[in-house]
Amino acid sequence: MADEGQGVVVSRNLTKVFRDFWLREKVTAVAGLDLDIRPGEVFGLLGPNGSGKSTTIKMILGLLYPTRGRVAVFGRLPTDVRIKADIGFLPEESYLYPFLDARETLDFYGRLFRQPRRQRRRRVDMLLDMVGLGSVAYRRVGEYSKGMQRRIGLAQALINDPQLLILDEPTSGMDPIGTRQFKDLIRTLAMRGKTVILSSHLLADVEDVCDRICILYGGRQRALGRMDELLSKEDFTQITTERLDEAALESVRRVLAASGRELLQVSAPRDKLESLFLRIVQEAREQRLSTGGAVSGGAIAEFLRGGEDQTRNILASLVSAAETQAPAGTPAVASSQAAAAQRKTEVLRELVEPEKSTSPPQPQGDHKDAPPAGHPDRGLLDELLGGPKSDPEKS
Amino acid sequence: MRGIWAIARHTLSHCLRMKIAGAFVLMLLAILAVLPLILQGDGTLAGRIRTLLAYGMGVTGFLLSVVTLLLSAGVITSDVRGKAVFTVATKPLSRWNYVVGRWLGVVMFVAILLTTSAVAIYAFAQHLRTGSALNPSDRRAVETEVFTARRQVRPQPIDIDTLTDRKRRQLRDEGRYQEAMNAFIAKTGGDEHKAQALLEEQIRSEVAGAAQSVEPGGVFLWQFNGVTVAGNERTAKGQVTLVDEETGSLRILAGDEILGRLVFGGPVRVNGVDLRVTRLEKDFFEVQPTDDDRAGGRLASLVPGAEADIVADPTIQLSYKATASVDPTDKLLRSLWQLNNPTTGLRYMELRSDPVATPATLTVSARLVDPNGRMDAQYVNLPDSRGKSTSVTILENDIAVLFRMGSFEGTFIRGAALVLLQLAFLAAVGVAAGSFLSFPVACLVGFATLPLSMAGGFLSESLRLNPESAPATDAITLVGAWIFRVVHVLLPDFAQTSPVDSLINGMNISWEYLTQAALLTGVIRTLPILAIACLIFQRRELARVQV
């Protein structure tokens with residue numbers, strides 16, 4: 001399938017029909033799916049129950065075989081053992097061995113990657129810290145709560161620092177802390193050029209992290225594209241400012257009316273429940289309240305931040321000064337260590353991939369009168385703010 | 001290989017953490033502890049030890065077979081059912097690595113259980129060995145027929161074909177052949193072909209019976225070839241402490257180094273004279289010279305206080321079982337045995353009174369075997385105490401020369417290895433069934449295999465069709481026979497490779513035999529089954545419909 005581009009995962013007319021005992025066609029789980037998942041992108045597979053998300057993932061992994069069509073991963077068949085060294089997979093539930101403890105579980109999967117003992121131990125320690133299970137590492141996985149099992153499941157999917165990470169309902173059963181850390185992790189991996197395929201019901205999760213999504217229904221592709229393309233409402237502009245009194249609002253209405261626009265909605269923004277929850281947990285942790293479950297995870301494992309090679313050490317010394325100048329506004333729940341790690345990663349990225357860390361892409365095309373898609377009319381904004389009307393081309 | 005090893009270790013770890021391991025060990029220890037108490041065998045110490053070995057190894061083999069089938073059927077099916085296979089199959093591990101690793105893990109686990117069992121059985125057997133024997137013969141049996149490793153050589157086979165030809169000619173010359181033929185034709189309803197087959201079978205049977213029987217006063221003669229004697233003679237000095245003037249028996253004080261080599265009823269040379277040990281104690285032994293020995297004056301120097309030159313030769317045993325056409329009144333068969341070295345002419349003679357149809361053993365010096373491994377044996381059928389005689393039969397398979405080839409421990413270990421080969425085969429069957437079937441069905445397949453393997457040879461033999469005497473005509477019999485022939489080829493015959501008979505009879509299990517069994521059971525039968533399991537698992541979809 002070399003003629004089908006350089007996609008990490010490429011499928012053409014991928015179809016899976018399940019048959020009954022008498023080989024009669026029972027249900028078409030996936031029908032004619034064409035995918036081209038590119039390196040470094042976070043790709044979301046969305047759809048209601050039974051839409052074919054898991055079936056697609058299982059065909060990508062070689063756990064199911066296509067009835068028609070074909071799929072290639074890293075340019076090879078999914079059953080090819082060679083590609084699996086670069087794949088990490090978290091199934092829809094953490095199908096682990098209940099008789100093993102967390103450390104043994106990760107050690108077992110590390111062995112399957114033929115990792116040297118020293119590297120395996122180091123990675124196991126880092127992953128256990130990362131998913132917050134270091135203190136219960138010697139408890140049998142069978143005794144873990146569902147969320148804790150998800151965490152250890154996620155850790156096993158990352159033990160090989162995969163190039164392609166496939167996550168089926170990854171935040172199912174995970175608490176908001178784990179969910180937030182998980183999203184941070186995906187962002188970090190994506191920044192390192194890893195490809196992530198994410199299947200989820202939780203649309204907020206997908207929206208937060210995915211670059212592109214594919215929406216399936218009845219096994220067929222219903223929508224495919226970049227997140228901002230699919231979600232942006234180009235006919236509307238939203239402004240957030242300090243609280244306005246009725247007089248100010250009236251002024252705004254007048255200005256808008258003068259431009260032929262209408263003020264459609266005025267509301268006070270609410271804090272996100274996620275932020276509230278994380279803040280409460282953070283306070284509890286600061287009060288050192290005990291818990292028998294998973295603790296908040298630590299920093300993203302060093303090797304997942306690309307930190308196991310010598311380059312990392314050199315670059316780390318180079319960015320140590322830059323770290324102090326990192327922008328504020330790190331997530332409320334993330335520990336200072338995690339935040340520092342995040343900043344480090346961003347600076348590292350700038351150093352390693354300077355071409356990608358430039359300003360946001362400039363609008364293209366010849367639309368000199370109208371603002372580009374997703375950008376408000378600056379002239380109108382200036383008027384609202386009481387400033388001079390500026391030229392859109394200079395904005 | 002690292003992938004296989006990782007899966008094997010994981011499987012072993014899983015099995016060890018299951019309660020089945022502890023339950024098995026407890027059950028085994030309970031059985032081994034109770035067995036010697038409830039099973040006394042024939043009342044002798046040798047019998048009790050043989051019973052322990054037979055039932056211990058039998059119970060161990062059976063329990064481990066069940067455990068092996070349950071585990072091997074479950075290792076893959078539980079992964080598939082619990083979907084843990086999703087996380088394993090998406091790792092850089094070939095599916096055949098996974099299947100072989102699972103199989104190897106189960107084999108490693110049952111090997112640990114087998115080793116535990118074998119050590120326990122061995123320890124119990126050694127414990128019993130230190131118990132008191134019923135009599136000196138019992139002690140000799142314990143030491144020379146149980147805790148040993150012997151090889152047996154059968155006599156030169158009887159040339160039945162030549163004897164049958166001779167008998168046929170004789171019948172023809174006497175004109176009785178056609179007469180018998182007519183009788184058989186009438187019996188078979190005019191089927192000449194069948195009648196001839198039956199007559200030939202009859203002649204052959206009569207000839208074989210006659211060749212293995214001896215009339216009163218008659219003589220059997222056997223020739224043995226290929227007797228290889230291990231070990232050298234051991235010499236020591238002793239001191240005569242007692243001479244019984246009435247019976248002429250001598251008591252000789254000797255050290256452990258020579259006493260350890262002597263057996264009750266076995267040979268010993270004192271001052272160059274071949275004698276038999278009639279009593280064996282911790283620090284002395286007694287011999288009973290014959291009248292000839294005394295008359296010859298060769299033992300004249302052996303007076304109380306005199307020094308004796310003692311030589312313990314390596315020994316061989318002649319084992320036989322005689323039956324009578326009519327049992328003597330005292331149920332004892334009297335005979336004279338004469339064993340000869342065909343090269344040196346050295347001869348040994350012994351008068352015997354053996355119970356009818358009971359295995360008996362002569363322990364004699366290995367000097368009766370010539371350097372080419374040959375020895376002649378002669379049996380004279382003597383009249384009983386009342387002067388009555390009966391014809392005696394000793395079948396070809398009921399007489400053999402046995403000689404030590406190795407240690408009991410070596411045979412015990414190789415015997416355990418034979419059991420492990422059987423278990424490895426069963427594990428392959430279980431894994432193969434589990435590679436595409438659900439756990440209950442895989443168990444069913446496995447447990448159907450077990451009795452067929454244990455009695456496959458017998459079943460196949462039972463259904464073997466004789467085209468001459470009983471041609472099968474109905475389809476069911478033909479299909480059944482064909483199925484069992486196939487089963488006989490595909491499945492190993494556990495009865496044939498069972499070490500139990502060898503262990504209880506003190507027979508050696510050679511490395512050659514073990515290698516042969518490893519080839520037949522391991523390479524020819526187990527590996528192909530594993531290969532099939534790998535092929536099936538390679539092609540199957542590991543996930544199921546969920547829409």
# chains A, B, ... in the order shown; residues from 1 in each chain; ligands from 1

call {"tool": "interface_residues", "arguments": {"of": "chain B", "to": "chain A", "cutoff": "10 Å", "atoms": "only C-alpha atoms", "output": "PyMOL selection string"}}
result
chain B and resi 2-7+9-10+13-15+17-18+79+82-95+538-547

call {"tool": "select_by_dssp", "arguments": {"residues": "range 118-332 of chain B", "states": "strand (DSSP E)", "output": "PyMOL selection string"}}
result
chain B and resi 149-153+213-214+219-224+234-243+250-253+267-270+273-280+284-287+307-312+315-320+323-324+332

call {"tool": "residues_around", "arguments": {"residues": "range 266-282 of chain B", "least_positions_apart": "3", "cutoff": "6 Å", "atoms": "only C-alpha atoms", "output": "list of chain:residue names"}}
result
B:Val263, B:Phe285, B:Glu286, B:Val287, B:Asp309, B:Ile310, B:Val311, B:Ala312, B:Thr363, B:Val364, B:Ser365

call {"tool": "atom_distance", "arguments": {"atom1": "CA of Leu64 in chain B", "atom2": "CA of Ser407 in chain B"}}
result
25.7 Å

call {"tool": "atom_distance", "arguments": {"atom1": "CA of Asn505 in chain B", "atom2": "CA of Val146 in chain B"}}
result
5.7 Å

call {"tool": "select_by_dssp", "arguments": {"residues": "range 44-281 of chain A", "states": "helix (DSSP H, G or I)", "output": "compact mmCIF listing (two decimals) with N, CA and C atoms, in the first residue's frame"}}
result
# COMPACT_ATOMS: atom_id res chain seq x y z
N LYS A 53 -16.73 1.83 15.84
CA LYS A 53 -15.44 2.40 16.28
C LYS A 53 -14.48 1.30 16.74
N SER A 54 -14.96 0.46 17.66
CA SER A 54 -14.08 -0.59 18.20
C SER A 54 -13.71 -1.59 17.12
N THR A 55 -14.65 -1.90 16.26
CA THR A 55 -14.35 -2.85 15.17
C THR A 55 -13.25 -2.29 14.28
N THR A 56 -13.34 -0.98 13.98
CA THR A 56 -12.29 -0.36 13.17
C THR A 56 -10.94 -0.47 13.86
N ILE A 57 -10.93 -0.16 15.14
CA ILE A 57 -9.67 -0.22 15.89
C ILE A 57 -9.12 -1.64 15.90
N LYS A 58 -10.01 -2.61 16.07
CA LYS A 58 -9.54 -4.00 16.12
C LYS A 58 -9.02 -4.46 14.77
N MET A 59 -9.55 -3.91 13.71
CA MET A 59 -8.98 -4.26 12.40
C MET A 59 -7.62 -3.58 12.21
N ILE A 60 -7.51 -2.38 12.73
CA ILE A 60 -6.21 -1.69 12.64
C ILE A 60 -5.15 -2.47 13.42
N VAL A 81 4.18 -8.58 12.73
CA VAL A 81 4.69 -8.40 14.10
C VAL A 81 5.63 -7.20 14.19
N ARG A 82 6.30 -6.88 13.07
CA ARG A 82 7.32 -5.83 13.11
C ARG A 82 6.73 -4.47 13.47
N ILE A 83 5.49 -4.23 13.08
CA ILE A 83 4.93 -2.90 13.35
C ILE A 83 4.52 -2.74 14.81
N LYS A 84 4.38 -3.86 15.50
CA LYS A 84 3.78 -3.79 16.83
C LYS A 84 4.72 -3.24 17.89
N ALA A 85 5.98 -3.20 17.55
CA ALA A 85 6.93 -2.60 18.49
C ALA A 85 6.67 -1.11 18.64
N ASP A 86 5.98 -0.52 17.66
CA ASP A 86 5.74 0.93 17.68
C ASP A 86 4.29 1.26 18.01
N ALA A 102 0.62 -4.46 40.00
CA ALA A 102 0.84 -3.45 38.96
C ALA A 102 2.26 -3.52 38.40
N ARG A 103 3.21 -3.72 39.27
CA ARG A 103 4.61 -3.75 38.82
C ARG A 103 4.86 -4.97 37.94
N GLU A 104 4.33 -6.11 38.36
CA GLU A 104 4.51 -7.32 37.55
C GLU A 104 3.81 -7.18 36.20
N THR A 105 2.66 -6.53 36.23
CA THR A 105 1.93 -6.34 34.97
C THR A 105 2.77 -5.56 33.97
N LEU A 106 3.31 -4.45 34.42
CA LEU A 106 4.10 -3.62 33.50
C LEU A 106 5.38 -4.34 33.11
N ASP A 107 5.96 -5.07 34.06
CA ASP A 107 7.18 -5.80 33.76
C ASP A 107 6.92 -6.86 32.69
N PHE A 108 5.78 -7.53 32.80
CA PHE A 108 5.42 -8.55 31.81
C PHE A 108 5.31 -7.95 30.41
N TYR A 109 4.60 -6.81 30.31
CA TYR A 109 4.44 -6.21 28.99
C TYR A 109 5.77 -5.66 28.47
N GLY A 110 6.58 -5.19 29.40
CA GLY A 110 7.91 -4.72 29.00
C GLY A 110 8.75 -5.85 28.42
N ARG A 111 8.60 -7.03 29.00
CA ARG A 111 9.34 -8.19 28.49
C ARG A 111 8.91 -8.52 27.07
N LEU A 112 7.63 -8.35 26.79
CA LEU A 112 7.15 -8.67 25.45
C LEU A 112 7.79 -7.74 24.41
N ARG A 117 16.45 -5.35 31.15
CA ARG A 117 15.93 -5.28 32.51
C ARG A 117 16.02 -3.88 33.10
N ARG A 118 17.16 -3.23 32.92
CA ARG A 118 17.34 -1.92 33.55
C ARG A 118 16.34 -0.91 33.00
N GLN A 119 16.22 -0.91 31.68
CA GLN A 119 15.27 0.02 31.06
C GLN A 119 13.84 -0.29 31.48
N ARG A 120 13.58 -1.58 31.57
CA ARG A 120 12.22 -1.99 31.93
C ARG A 120 11.88 -1.50 33.33
N ARG A 121 12.79 -1.70 34.25
CA ARG A 121 12.54 -1.29 35.64
C ARG A 121 12.36 0.22 35.73
N ARG A 122 13.21 0.93 35.00
CA ARG A 122 13.13 2.40 35.07
C ARG A 122 11.78 2.88 34.52
N ARG A 123 11.40 2.30 33.42
CA ARG A 123 10.12 2.72 32.82
C ARG A 123 8.94 2.33 33.71
N VAL A 124 9.00 1.16 34.29
CA VAL A 124 7.92 0.74 35.18
C VAL A 124 7.78 1.72 36.34
N ASP A 125 8.90 2.08 36.93
CA ASP A 125 8.86 3.05 38.05
C ASP A 125 8.26 4.37 37.61
N MET A 126 8.72 4.84 36.45
CA MET A 126 8.24 6.15 35.98
C MET A 126 6.76 6.10 35.65
N LEU A 127 6.33 5.00 35.01
CA LEU A 127 4.92 4.91 34.64
C LEU A 127 4.02 4.78 35.87
N LEU A 128 4.48 4.02 36.85
CA LEU A 128 3.68 3.89 38.07
C LEU A 128 3.53 5.24 38.76
N ASP A 129 4.60 5.99 38.78
CA ASP A 129 4.50 7.34 39.36
C ASP A 129 3.56 8.21 38.53
N MET A 130 3.69 8.07 37.23
CA MET A 130 2.90 8.92 36.36
C MET A 130 1.41 8.67 36.51
N GLY A 134 2.06 4.28 42.27
CA GLY A 134 3.32 3.88 42.90
C GLY A 134 3.12 3.33 44.30
N SER A 135 2.17 3.88 45.03
CA SER A 135 1.98 3.45 46.42
C SER A 135 1.19 2.14 46.52
N VAL A 136 0.54 1.74 45.44
CA VAL A 136 -0.22 0.47 45.48
C VAL A 136 0.33 -0.49 44.42
N VAL A 141 -3.78 -6.47 40.64
CA VAL A 141 -4.58 -5.64 39.75
C VAL A 141 -6.07 -5.99 39.87
N GLY A 142 -6.35 -7.26 40.19
CA GLY A 142 -7.72 -7.69 40.34
C GLY A 142 -8.44 -6.97 41.48
N GLU A 143 -7.67 -6.41 42.40
CA GLU A 143 -8.28 -5.71 43.53
C GLU A 143 -8.44 -4.22 43.24
N LYS A 146 -12.09 0.24 38.95
CA LYS A 146 -12.06 0.32 37.49
C LYS A 146 -11.13 1.43 37.01
N GLY A 147 -11.21 2.55 37.71
CA GLY A 147 -10.38 3.68 37.31
C GLY A 147 -8.90 3.37 37.46
N MET A 148 -8.57 2.68 38.54
CA MET A 148 -7.16 2.32 38.75
C MET A 148 -6.71 1.33 37.68
N GLN A 149 -7.62 0.44 37.31
CA GLN A 149 -7.28 -0.50 36.24
C GLN A 149 -7.07 0.23 34.91
N ARG A 150 -7.86 1.29 34.71
CA ARG A 150 -7.66 2.07 33.48
C ARG A 150 -6.28 2.71 33.48
N ARG A 151 -5.88 3.16 34.66
CA ARG A 151 -4.58 3.82 34.75
C ARG A 151 -3.45 2.83 34.43
N ILE A 152 -3.55 1.64 35.01
CA ILE A 152 -2.48 0.67 34.75
C ILE A 152 -2.55 0.19 33.29
N GLY A 153 -3.78 0.17 32.77
CA GLY A 153 -3.94 -0.17 31.35
C GLY A 153 -3.28 0.86 30.46
N LEU A 154 -3.43 2.10 30.85
CA LEU A 154 -2.80 3.17 30.08
C LEU A 154 -1.27 3.06 30.18
N ALA A 155 -0.81 2.72 31.37
CA ALA A 155 0.64 2.58 31.56
C ALA A 155 1.19 1.47 30.67
N GLN A 156 0.48 0.34 30.59
CA GLN A 156 1.00 -0.75 29.73
C GLN A 156 1.02 -0.34 28.27
N ALA A 157 0.09 0.53 27.90
CA ALA A 157 0.07 0.96 26.49
C ALA A 157 1.24 1.89 26.17
N LEU A 158 1.84 2.44 27.21
CA LEU A 158 2.90 3.43 26.99
C LEU A 158 4.29 2.88 27.26
N PRO A 176 -11.89 12.66 37.22
CA PRO A 176 -11.52 13.87 36.48
C PRO A 176 -10.02 14.18 36.53
N ILE A 177 -9.40 13.80 37.64
CA ILE A 177 -7.95 14.06 37.73
C ILE A 177 -7.23 13.24 36.67
N GLY A 178 -7.58 11.93 36.65
CA GLY A 178 -6.95 11.05 35.67
C GLY A 178 -7.26 11.51 34.26
N THR A 179 -8.50 11.95 34.06
CA THR A 179 -8.90 12.40 32.72
C THR A 179 -8.06 13.60 32.30
N ARG A 180 -7.89 14.53 33.23
CA ARG A 180 -7.11 15.74 32.91
C ARG A 180 -5.66 15.38 32.60
N GLN A 181 -5.11 14.46 33.43
CA GLN A 181 -3.71 14.06 33.20
C GLN A 181 -3.58 13.33 31.87
N PHE A 182 -4.61 12.55 31.60
CA PHE A 182 -4.59 11.80 30.36
C PHE A 182 -4.56 12.76 29.16
N LYS A 183 -5.35 13.82 29.26
CA LYS A 183 -5.39 14.77 28.15
C LYS A 183 -4.04 15.50 28.02
N ASP A 184 -3.47 15.83 29.18
CA ASP A 184 -2.14 16.46 29.15
C ASP A 184 -1.14 15.53 28.46
N LEU A 185 -1.26 14.26 28.78
CA LEU A 185 -0.33 13.28 28.22
C LEU A 185 -0.47 13.22 26.70
N ILE A 186 -1.71 13.19 26.25
CA ILE A 186 -1.92 13.10 24.80
C ILE A 186 -1.32 14.32 24.11
N ARG A 187 -1.51 15.47 24.73
CA ARG A 187 -0.93 16.69 24.12
C ARG A 187 0.58 16.58 24.05
N THR A 188 1.16 16.07 25.14
CA THR A 188 2.62 15.93 25.17
C THR A 188 3.11 14.99 24.08
N LEU A 189 2.41 13.86 23.97
CA LEU A 189 2.82 12.88 22.96
C LEU A 189 2.67 13.46 21.56
N ALA A 190 1.58 14.17 21.37
CA ALA A 190 1.36 14.76 20.05
C ALA A 190 2.46 15.76 19.72
N MET A 191 2.88 16.50 20.74
CA MET A 191 3.95 17.47 20.50
C MET A 191 5.25 16.78 20.11
N LEU A 203 -17.44 13.47 24.38
CA LEU A 203 -17.12 14.41 23.31
C LEU A 203 -16.21 15.52 23.79
N ALA A 204 -16.35 15.89 25.10
CA ALA A 204 -15.50 16.96 25.62
C ALA A 204 -14.03 16.55 25.56
N ASP A 205 -13.78 15.30 25.88
CA ASP A 205 -12.40 14.81 25.84
C ASP A 205 -11.85 14.90 24.42
N VAL A 206 -12.67 14.45 23.50
CA VAL A 206 -12.24 14.43 22.11
C VAL A 206 -11.99 15.86 21.62
N GLU A 207 -12.91 16.72 21.99
CA GLU A 207 -12.83 18.11 21.54
C GLU A 207 -11.56 18.78 22.06
N ASP A 208 -11.19 18.41 23.30
CA ASP A 208 -10.02 19.04 23.92
C ASP A 208 -8.72 18.66 23.25
N VAL A 209 -8.62 17.41 22.76
CA VAL A 209 -7.30 16.93 22.35
C VAL A 209 -7.16 16.61 20.87
N MET A 227 -10.91 19.47 13.52
CA MET A 227 -11.84 19.82 14.58
C MET A 227 -12.37 21.24 14.41
N ASP A 228 -11.44 22.21 14.17
CA ASP A 228 -11.88 23.61 14.10
C ASP A 228 -12.75 23.84 12.86
N GLU A 229 -12.48 23.10 11.78
CA GLU A 229 -13.31 23.23 10.59
C GLU A 229 -14.73 22.76 10.86
N LEU A 230 -14.82 21.66 11.58
CA LEU A 230 -16.13 21.06 11.81
C LEU A 230 -16.94 21.81 12.86
N LEU A 231 -16.24 22.45 13.81
CA LEU A 231 -16.96 23.03 14.95
C LEU A 231 -17.18 24.54 14.85
N GLU A 246 -26.09 47.60 32.57
CA GLU A 246 -27.15 47.68 31.57
C GLU A 246 -26.87 48.80 30.57
N ALA A 247 -26.29 49.91 31.07
CA ALA A 247 -26.00 51.04 30.18
C ALA A 247 -24.97 50.66 29.13
N ALA A 248 -23.97 49.98 29.60
CA ALA A 248 -22.91 49.55 28.67
C ALA A 248 -23.49 48.59 27.63
N LEU A 249 -24.35 47.70 28.10
CA LEU A 249 -24.97 46.76 27.17
C LEU A 249 -25.81 47.48 26.12
N GLU A 250 -26.48 48.53 26.61
CA GLU A 250 -27.30 49.30 25.68
C GLU A 250 -26.43 49.93 24.60
N SER A 251 -25.24 50.44 25.05
CA SER A 251 -24.30 51.03 24.09
C SER A 251 -23.88 50.00 23.05
N VAL A 252 -23.61 48.82 23.56
CA VAL A 252 -23.19 47.75 22.66
C VAL A 252 -24.28 47.47 21.64
N ARG A 253 -25.52 47.41 22.15
CA ARG A 253 -26.63 47.13 21.23
C ARG A 253 -26.71 48.20 20.14
N ARG A 254 -26.49 49.45 20.57
CA ARG A 254 -26.58 50.54 19.60
C ARG A 254 -25.49 50.41 18.54
N VAL A 255 -24.28 50.13 19.00
CA VAL A 255 -23.16 49.99 18.06
C VAL A 255 -23.44 48.86 17.07
N LEU A 256 -23.94 47.76 17.62
CA LEU A 256 -24.22 46.62 16.76
C LEU A 256 -25.33 46.95 15.77
N ALA A 257 -26.33 47.67 16.27
CA ALA A 257 -27.44 48.03 15.40
C ALA A 257 -26.96 48.91 14.26
N ALA A 258 -26.00 49.81 14.60
CA ALA A 258 -25.46 50.69 13.57
C ALA A 258 -24.76 49.90 12.47
N LEU A 273 -17.07 22.64 35.46
CA LEU A 273 -17.16 21.71 36.61
C LEU A 273 -15.82 21.02 36.83
N GLU A 274 -15.14 20.73 35.73
CA GLU A 274 -13.83 20.08 35.84
C GLU A 274 -12.87 20.92 36.67
N SER A 275 -12.87 22.22 36.41
CA SER A 275 -11.97 23.12 37.14
C SER A 275 -12.32 23.15 38.62
N LEU A 276 -13.66 23.23 38.90
CA LEU A 276 -14.09 23.25 40.30
C LEU A 276 -13.64 21.99 41.01
N PHE A 277 -13.88 20.84 40.39
CA PHE A 277 -13.53 19.55 40.99
C PHE A 277 -12.02 19.48 41.28
N LEU A 278 -11.27 19.84 40.29
CA LEU A 278 -9.82 19.74 40.44
C LEU A 278 -9.31 20.66 41.55
N ARG A 279 -9.98 21.80 41.66
CA ARG A 279 -9.56 22.73 42.70
C ARG A 279 -9.83 22.14 44.10
N ILE A 280 -10.97 21.50 44.26
CA ILE A 280 -11.32 20.90 45.55
C ILE A 280 -10.33 19.79 45.91
N VAL A 281 -10.03 18.95 44.93
CA VAL A 281 -9.09 17.85 45.19
C VAL A 281 -7.72 18.40 45.54

call {"tool": "atom_distance", "arguments": {"atom1": "CA of Glu350 in chain B", "atom2": "CA of Glu257 in chain B"}}
result
27.3 Å

call {"tool": "decode", "arguments": {"residues": "range 346-360 of chain B", "atoms": "N, CA and C atoms", "output": "PDB file, in the first residue's frame"}}
result
ATOM      1  N   LEU B 346      32.734 -73.249  33.397  1.00  0.00           N
ATOM      2  CA  LEU B 346      32.330 -73.080  34.790  1.00  0.00           C
ATOM      3  C   LEU B 346      30.853 -73.429  34.910  1.00  0.00           C
ATOM      4  N   ARG B 347      30.510 -74.171  35.947  1.00  0.00           N
ATOM      5  CA  ARG B 347      29.148 -74.666  36.060  1.00  0.00           C
ATOM      6  C   ARG B 347      28.614 -74.377  37.453  1.00  0.00           C
ATOM      7  N   TYR B 348      27.343 -74.102  37.481  1.00  0.00           N
ATOM      8  CA  TYR B 348      26.680 -73.904  38.770  1.00  0.00           C
ATOM      9  C   TYR B 348      25.420 -74.753  38.771  1.00  0.00           C
ATOM     10  N   MET B 349      25.206 -75.476  39.864  1.00  0.00           N
ATOM     11  CA  MET B 349      24.021 -76.335  39.968  1.00  0.00           C
ATOM     12  C   MET B 349      23.269 -76.017  41.244  1.00  0.00           C
ATOM     13  N   GLU B 350      21.954 -76.091  41.154  1.00  0.00           N
ATOM     14  CA  GLU B 350      21.153 -75.855  42.357  1.00  0.00           C
ATOM     15  C   GLU B 350      19.853 -76.638  42.266  1.00  0.00           C
ATOM     16  N   LEU B 351      19.545 -77.280  43.354  1.00  0.00           N
ATOM     17  CA  LEU B 351      18.254 -77.974  43.472  1.00  0.00           C
ATOM     18  C   LEU B 351      17.227 -76.968  43.981  1.00  0.00           C
ATOM     19  N   ARG B 352      16.083 -76.946  43.330  1.00  0.00           N
ATOM     20  CA  ARG B 352      15.088 -75.943  43.708  1.00  0.00           C
ATOM     21  C   ARG B 352      13.737 -76.586  43.999  1.00  0.00           C
ATOM     22  N   SER B 353      13.001 -75.971  44.866  1.00  0.00           N
ATOM     23  CA  SER B 353      11.594 -76.325  45.092  1.00  0.00           C
ATOM     24  C   SER B 353      10.811 -75.026  45.041  1.00  0.00           C
ATOM     25  N   ASP B 354      10.153 -74.789  43.929  1.00  0.00           N
ATOM     26  CA  ASP B 354       9.491 -73.490  43.735  1.00  0.00           C
ATOM     27  C   ASP B 354       7.982 -73.667  43.723  1.00  0.00           C
ATOM     28  N   PRO B 355       7.276 -72.704  44.337  1.00  0.00           N
ATOM     29  CA  PRO B 355       5.815 -72.762  44.265  1.00  0.00           C
ATOM     30  C   PRO B 355       5.357 -72.685  42.809  1.00  0.00           C
ATOM     31  N   VAL B 356       4.273 -73.381  42.526  1.00  0.00           N
ATOM     32  CA  VAL B 356       3.754 -73.408  41.152  1.00  0.00           C
ATOM     33  C   VAL B 356       3.318 -72.002  40.728  1.00  0.00           C
ATOM     34  N   ALA B 357       3.636 -71.697  39.507  1.00  0.00           N
ATOM     35  CA  ALA B 357       3.184 -70.437  38.875  1.00  0.00           C
ATOM     36  C   ALA B 357       3.573 -69.201  39.680  1.00  0.00           C
ATOM     37  N   THR B 358       4.702 -69.268  40.349  1.00  0.00           N
ATOM     38  CA  THR B 358       5.175 -68.122  41.132  1.00  0.00           C
ATOM     39  C   THR B 358       6.560 -67.725  40.611  1.00  0.00           C
ATOM     40  N   PRO B 359       6.780 -66.459  40.347  1.00  0.00           N
ATOM     41  CA  PRO B 359       8.102 -66.057  39.856  1.00  0.00           C
ATOM     42  C   PRO B 359       9.204 -66.426  40.863  1.00  0.00           C
ATOM     43  N   ALA B 360      10.272 -66.971  40.357  1.00  0.00           N
ATOM     44  CA  ALA B 360      11.403 -67.343  41.215  1.00  0.00           C
ATOM     45  C   ALA B 360      12.683 -66.771  40.617  1.00  0.00           C
TER      46      ALA B 360
END
